[in-house]
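Asker: Got structure.csv for you, CSV, C-alpha atoms and all ligand atoms:
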chain,number,residue,atom,x,y,z
A,247,MET,CA,112.9,9.8,26.0
A,248,LYS,CA,111.6,13.2,25.0
A,249,HIS,CA,108.0,13.6,24.0
A,250,GLN,CA,107.7,12.8,20.3
A,251,ASP,CA,109.8,15.3,18.4
A,252,MET,CA,108.6,18.1,20.6
A,253,ASP,CA,110.8,21.1,19.6
A,254,THR,CA,111.3,22.8,23.0
A,255,ASP,CA,113.1,25.7,21.3
A,256,LYS,CA,109.9,26.9,19.8
A,257,ASN,CA,107.8,26.6,23.0
A,258,THR,CA,106.2,29.7,24.4
A,259,ASP,CA,106.7,30.4,28.1
A,260,LEU,CA,103.8,29.9,30.5
A,261,SER,CA,103.0,33.6,31.2
A,262,THR,CA,103.0,34.5,27.4
A,263,THR,CA,100.7,31.6,26.8
A,264,GLU,CA,98.4,32.5,29.6
A,265,ASN,CA,98.3,36.1,28.4
A,266,GLU,CA,97.3,35.1,25.0
A,267,ILE,CA,94.5,32.8,26.3
A,268,ARG,CA,93.3,35.6,28.6
A,269,LYS,CA,93.3,38.1,25.8
A,270,HIS,CA,91.1,35.7,23.7
A,271,ILE,CA,88.7,35.1,26.7
A,272,LEU,CA,88.3,38.9,27.2
A,273,LEU,CA,87.7,39.6,23.5
A,274,VAL,CA,85.0,36.9,23.3
A,275,ARG,CA,83.5,38.2,26.6
A,276,ASP,CA,83.3,41.7,25.1
A,277,LEU,CA,81.7,40.4,21.9
A,278,LEU,CA,79.2,38.2,23.9
A,279,ASN,CA,78.3,41.3,26.0
A,280,LYS,CA,77.7,43.2,22.8
A,281,MET,CA,75.3,40.5,21.7
A,282,VAL,CA,73.6,40.8,25.2
A,283,VAL,CA,73.1,44.5,24.5
A,284,GLU,CA,71.4,43.7,21.2
A,285,ILE,CA,69.2,41.1,23.0
A,286,LEU,CA,68.3,43.7,25.6
A,287,LYS,CA,67.3,46.2,22.9
A,288,ARG,CA,65.0,43.5,21.4
A,289,SER,CA,63.5,42.8,24.9
A,290,ASN,CA,62.6,46.5,25.2
A,291,THR,CA,61.1,46.9,21.8
A,292,HIS,CA,59.5,43.6,20.9
A,293,ASP,CA,56.1,44.1,19.3
A,294,GLN,CA,55.8,47.8,20.4
A,295,SER,CA,54.2,48.6,17.0
A,296,LYS,CA,51.2,46.5,18.1
A,297,LEU,CA,50.3,49.2,20.6
A,298,SER,CA,49.7,51.8,18.0
A,299,SER,CA,47.6,52.3,14.9
A,300,PRO,CA,46.8,50.5,12.7
A,301,GLU,CA,47.8,47.3,14.6
A,302,ILE,CA,45.9,48.0,17.8
A,303,GLU,CA,42.6,48.4,16.0
A,304,TYR,CA,43.1,45.1,14.2
A,305,SER,CA,44.1,43.4,17.5
A,306,MET,CA,40.9,44.5,19.1
A,307,LYS,CA,38.8,43.1,16.2
A,308,TYR,CA,40.7,39.8,15.6
A,309,THR,CA,42.6,38.6,18.7
A,310,GLN,CA,39.7,36.5,20.0
A,311,LYS,CA,39.0,35.0,16.5
A,312,LEU,CA,42.7,34.0,16.1
A,313,LYS,CA,42.6,32.4,19.6
A,314,ASP,CA,39.6,30.3,18.5
A,315,ALA,CA,41.4,29.0,15.4
A,316,ASP,CA,44.1,26.4,15.1
A,317,TYR,CA,47.5,27.9,14.2
A,318,GLY,CA,48.1,27.5,10.5
A,319,SER,CA,44.6,26.1,9.8
A,320,PRO,CA,42.6,27.3,6.7
A,321,GLU,CA,40.4,29.3,9.2
A,322,TYR,CA,43.5,30.9,10.8
A,323,LEU,CA,44.9,31.8,7.4
A,324,ALA,CA,41.6,33.3,6.3
A,325,ILE,CA,41.6,35.6,9.5
A,326,GLN,CA,45.2,36.5,8.7
A,327,ASP,CA,44.0,37.5,5.2
A,328,GLU,CA,41.5,40.0,6.7
A,329,MET,CA,44.2,41.4,8.9
A,330,ASN,CA,46.6,42.0,6.0
A,331,GLU,CA,47.0,45.7,6.5
A,332,ALA,CA,48.0,45.2,10.2
A,333,LEU,CA,50.3,42.3,9.3
A,334,GLU,CA,52.1,44.2,6.6
A,335,HIS,CA,52.6,47.1,9.0
A,336,HIS,CA,53.8,44.7,11.7
A,337,TYR,CA,56.3,42.9,9.4
A,338,ALA,CA,57.6,46.2,8.0
A,339,CYS,CA,58.4,47.4,11.6
A,340,ASN,CA,59.7,44.2,13.1
A,341,ARG,CA,62.7,42.2,11.9
A,342,HIS,CA,61.9,39.2,14.1
A,343,HIS,CA,59.6,38.1,11.3
A,344,PRO,CA,61.0,36.4,8.1
A,345,GLU,CA,58.4,38.4,6.1
A,346,HIS,CA,60.3,41.6,7.1
A,347,PHE,CA,63.0,40.6,4.5
A,348,GLU,CA,62.6,40.3,0.8
A,349,GLY,CA,64.7,37.1,0.9
A,350,GLY,CA,62.9,35.7,4.0
A,351,ILE,CA,64.5,33.9,6.8
A,352,GLN,CA,67.9,33.5,5.1
A,353,GLU,CA,68.4,37.2,5.5
A,354,MET,CA,67.9,37.1,9.3
A,355,ASN,CA,70.8,37.3,11.8
A,356,LEU,CA,71.3,35.3,15.0
A,357,ILE,CA,69.5,37.9,17.1
A,358,ASP,CA,66.5,38.0,14.8
A,359,ILE,CA,66.3,34.2,15.0
A,360,LEU,CA,66.5,34.2,18.8
A,361,GLU,CA,63.8,36.9,19.1
A,362,MET,CA,61.6,34.9,16.6
A,363,PHE,CA,62.1,31.7,18.6
A,364,CYS,CA,61.1,33.5,21.8
A,365,ASP,CA,58.1,34.9,20.0
A,366,TRP,CA,57.0,31.5,18.8
A,367,ALA,CA,57.6,30.0,22.3
A,368,ILE,CA,55.4,32.5,24.1
A,369,ALA,CA,52.7,32.6,21.3
A,370,SER,CA,52.4,28.8,21.6
A,371,GLN,CA,52.2,29.0,25.4
A,372,GLN,CA,49.5,31.7,25.1
A,373,HIS,CA,47.4,29.8,22.6
A,374,PRO,CA,45.2,27.0,24.1
A,375,LYS,CA,46.3,24.5,21.4
A,376,GLY,CA,49.8,25.9,21.0
A,377,ASP,CA,52.9,23.7,21.0
A,378,ILE,CA,56.4,24.9,20.2
A,379,GLU,CA,57.4,21.6,18.6
A,380,GLN,CA,54.4,21.8,16.3
A,381,SER,CA,55.2,25.5,15.4
A,382,ILE,CA,58.8,24.6,14.5
A,383,GLU,CA,57.5,21.9,12.2
A,384,VAL,CA,54.7,23.9,10.6
A,385,ASN,CA,56.9,27.0,10.2
A,386,GLN,CA,59.5,25.0,8.3
A,387,GLN,CA,57.0,24.6,5.5
A,388,ARG,CA,55.9,28.2,5.8
A,389,PHE,CA,59.4,29.8,5.8
A,390,GLY,CA,61.4,27.1,4.1
A,391,TYR,CA,64.2,26.7,6.6
A,392,SER,CA,66.7,23.8,6.6
A,393,ASP,CA,66.6,20.7,8.7
A,394,ASP,CA,69.7,22.0,10.4
A,395,LEU,CA,67.9,25.2,11.6
A,396,LYS,CA,64.9,23.1,12.6
A,397,GLU,CA,67.2,20.9,14.8
A,398,ILE,CA,68.9,23.9,16.3
A,399,LEU,CA,65.5,25.4,17.2
A,400,ARG,CA,64.3,22.0,18.7
A,401,ASN,CA,67.5,21.8,20.7
A,402,SER,CA,66.7,25.2,22.2
A,403,ILE,CA,63.3,24.1,23.6
A,404,LYS,CA,65.2,22.9,26.7
A,405,LEU,CA,66.2,26.6,27.3
A,406,LEU,CA,62.5,27.5,27.7
A,407,LYS,CA,62.0,25.4,30.9
B,1,ZN,ZN,56.0,40.3,16.1
Go ahead and express the file in the form of structure tokens.

Answerer:
Amino acid sequence: MKHQDMDTDKNTDLSTTENEIRKHILLVRDLLNKMVVEILKRSNTHDQSKLSSPEIEYSMKYTQKLKDADYGSPEYLAIQDEMNEALEHHYACNRHHPEHFEGGIQEMNLIDILEMFCDWAIASQQHPKGDIEQSIEVNQQRFGYSDDLKEILRNSIKLLK
């Protein structure tokens, strides 16, 4: 017996089907490559604004103090307060920070989120008490992102190893 009601008249031949699949594969490849170019741009420009005024002067004054404080602690937040001018400048120049956007994290795109995640990952590796899992948890309160995004970020920790 024929396969359940399969209407063979409407079947597409093998080469047409393959061509359509290949076309889809190539279009997705092109789009992914476009995303790669965006990521490469970020990798070349990340935090460049920190190397010039006013950020560099604040970094000289406060980097050690920030290292000595626990991320997100009252002490850490007090130091951040004193660095306000530099932070405002940094956020204005860098879209990998939710503070760059009036509407916060919900206005970010996938590339912004990826750069932000890499930033948190390296910052937590460079801080003696840093821990990416902890940063993802603490930053959910700070930036108000959903449990879905939190899980997606947590799932991506594996990519760091
Ligand atoms: Zn930054």

Asker: Check every protein, DNA and RNA residue against ligand ZN 1 (chain B), keep those with an atom at most 8 Å away (counting all atoms listed in the file), and present them as a tab-separated table (two decimals) with C-alpha atoms, keeping the file's coordinate frame.

Answerer:
chain	number	residue	atom	x	y	z
A	292	HIS	CA	59.50	43.60	20.90
A	293	ASP	CA	56.10	44.10	19.30
A	336	HIS	CA	53.80	44.70	11.70
A	337	TYR	CA	56.30	42.90	9.40
A	340	ASN	CA	59.70	44.20	13.10
A	342	HIS	CA	61.90	39.20	14.10
A	343	HIS	CA	59.60	38.10	11.30
A	362	MET	CA	61.60	34.90	16.60
A	365	ASP	CA	58.10	34.90	20.00

Asker: Nearest to Asp394 (chain A): which of A:His373, A:Leu333, A:Ile382, A:Leu272 is it, counting all atoms listed in the file?

Answerer: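 Residue with the minimum atom-to-atom distance to Asp394 (chain A): A:Ile382.
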
Asker: For Thr291 (chain A), which of A:Cys339, A:Asp255, A:Glu264, A:Gly318 is the closest residue, counting only C-alpha atoms?

Answerer: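 The answer is A:Cys339, which sits nearest to Thr291 (chain A).
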
Asker: Around (41.6, 33.7, 11.0) in the file's own coordinates, what residues are found within 12 Å if you use all atoms listed in the file, given back as a list in words?

Answerer: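 Nearby residues: Tyr304, Ser305, Lys307, Tyr308, Thr309, Gln310, Lys311, Leu312, Lys313, Asp314, Ala315, Asp316, Tyr317, Gly318, Ser319, Pro320, Glu321, Tyr322, Leu323, Ala324, Ile325, Gln326, Asp327, Glu328, Met329 and Asn330 of chain A.
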
Asker: Quick check, in Å to one decimal: how far apart do CA of Asp358 (chain A) and CA of Lys404 (chain A) lie?

Answerer: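 Atom-to-atom, CA of Asp358 (chain A) and CA of Lys404 (chain A) are spaced 19.3 Å apart.
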
Asker: Please list, as a list in words, the residues that have an atom at most 12 Å away from (65.2, 32.9, 6.6) in the coordinates of this file, counting all atoms listed in the file.

Answerer: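 The answer, in the requested form, is Arg341, His342, His343, Pro344, Glu345, His346, Phe347, Glu348, Gly349, Gly350, Ile351, Gln352, Glu353, Met354, Asn355, Leu356, Asp358, Ile359, Met362, Asn385, Gln386, Gln387, Arg388, Phe389, Gly390, Tyr391, Ser392, Leu395 and Lys396 of chain A.
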
Asker: Please, could you write that set of residues out with C-alpha atoms as a PDB file, in the frame of the given file?

Answerer:
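New file result_33.pdb:
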ATOM      1  CA  ARG A 341      62.700  42.200  11.900  1.00  0.00           C
ATOM      2  CA  HIS A 342      61.900  39.200  14.100  1.00  0.00           C
ATOM      3  CA  HIS A 343      59.600  38.100  11.300  1.00  0.00           C
ATOM      4  CA  PRO A 344      61.000  36.400   8.100  1.00  0.00           C
ATOM      5  CA  GLU A 345      58.400  38.400   6.100  1.00  0.00           C
ATOM      6  CA  HIS A 346      60.300  41.600   7.100  1.00  0.00           C
ATOM      7  CA  PHE A 347      63.000  40.600   4.500  1.00  0.00           C
ATOM      8  CA  GLU A 348      62.600  40.300   0.800  1.00  0.00           C
ATOM      9  CA  GLY A 349      64.700  37.100   0.900  1.00  0.00           C
ATOM     10  CA  GLY A 350      62.900  35.700   4.000  1.00  0.00           C
ATOM     11  CA  ILE A 351      64.500  33.900   6.800  1.00  0.00           C
ATOM     12  CA  GLN A 352      67.900  33.500   5.100  1.00  0.00           C
ATOM     13  CA  GLU A 353      68.400  37.200   5.500  1.00  0.00           C
ATOM     14  CA  MET A 354      67.900  37.100   9.300  1.00  0.00           C
ATOM     15  CA  ASN A 355      70.800  37.300  11.800  1.00  0.00           C
ATOM     16  CA  LEU A 356      71.300  35.300  15.000  1.00  0.00           C
ATOM     17  CA  ASP A 358      66.500  38.000  14.800  1.00  0.00           C
ATOM     18  CA  ILE A 359      66.300  34.200  15.000  1.00  0.00           C
ATOM     19  CA  MET A 362      61.600  34.900  16.600  1.00  0.00           C
ATOM     20  CA  ASN A 385      56.900  27.000  10.200  1.00  0.00           C
ATOM     21  CA  GLN A 386      59.500  25.000   8.300  1.00  0.00           C
ATOM     22  CA  GLN A 387      57.000  24.600   5.500  1.00  0.00           C
ATOM     23  CA  ARG A 388      55.900  28.200   5.800  1.00  0.00           C
ATOM     24  CA  PHE A 389      59.400  29.800   5.800  1.00  0.00           C
ATOM     25  CA  GLY A 390      61.400  27.100   4.100  1.00  0.00           C
ATOM     26  CA  TYR A 391      64.200  26.700   6.600  1.00  0.00           C
ATOM     27  CA  SER A 392      66.700  23.800   6.600  1.00  0.00           C
ATOM     28  CA  LEU A 395      67.900  25.200  11.600  1.00  0.00           C
ATOM     29  CA  LYS A 396      64.900  23.100  12.600  1.00  0.00           C
TER      30      LYS A 396
END

Asker: So the first atom is CA of Ile368 (chain A) and the second is CA of Leu406 (chain A); what is the distance between them in Å, to one decimal place?

Answerer: 9.4 Å

Asker: Using only C-alpha atoms, which of the listed residues (A:Glu379, A:Leu286, A:Lys296, A:Arg275) sits closest to Glu334 (chain A)?

Answerer: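 With only C-alpha atoms as the atom set, the closest residue is A:Lys296.
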
Asker: Just give me the gap between CA of Ser381 (chain A) and CA of Glu397 (chain A) in Å, one decimal is fine.

Answerer: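 Atom-to-atom, CA of Ser381 (chain A) to CA of Glu397 (chain A), that is 12.9 Å.
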
Asker: Quick one: residues within 12 Å of Val282 (chain A), only C-alpha atoms, excluding same-chain residues fewer than 6 positions away - as a compact mmCIF listing (two decimals) with C-alpha atoms, keeping the file's coordinate frame?

Answerer:
# COMPACT_ATOMS: atom_id res chain seq x y z
CA ARG A 275 83.50 38.20 26.60
CA ASP A 276 83.30 41.70 25.10
CA ARG A 288 65.00 43.50 21.40
CA SER A 289 63.50 42.80 24.90
CA LEU A 356 71.30 35.30 15.00
CA ILE A 357 69.50 37.90 17.10
CA LEU A 360 66.50 34.20 18.80

Asker: Considering only C-alpha atoms, can you say which of A:Leu399, A:Ala338, A:Leu273, A:Leu260 comes closest to Cys364 (chain A)?

Answerer: A:Leu399
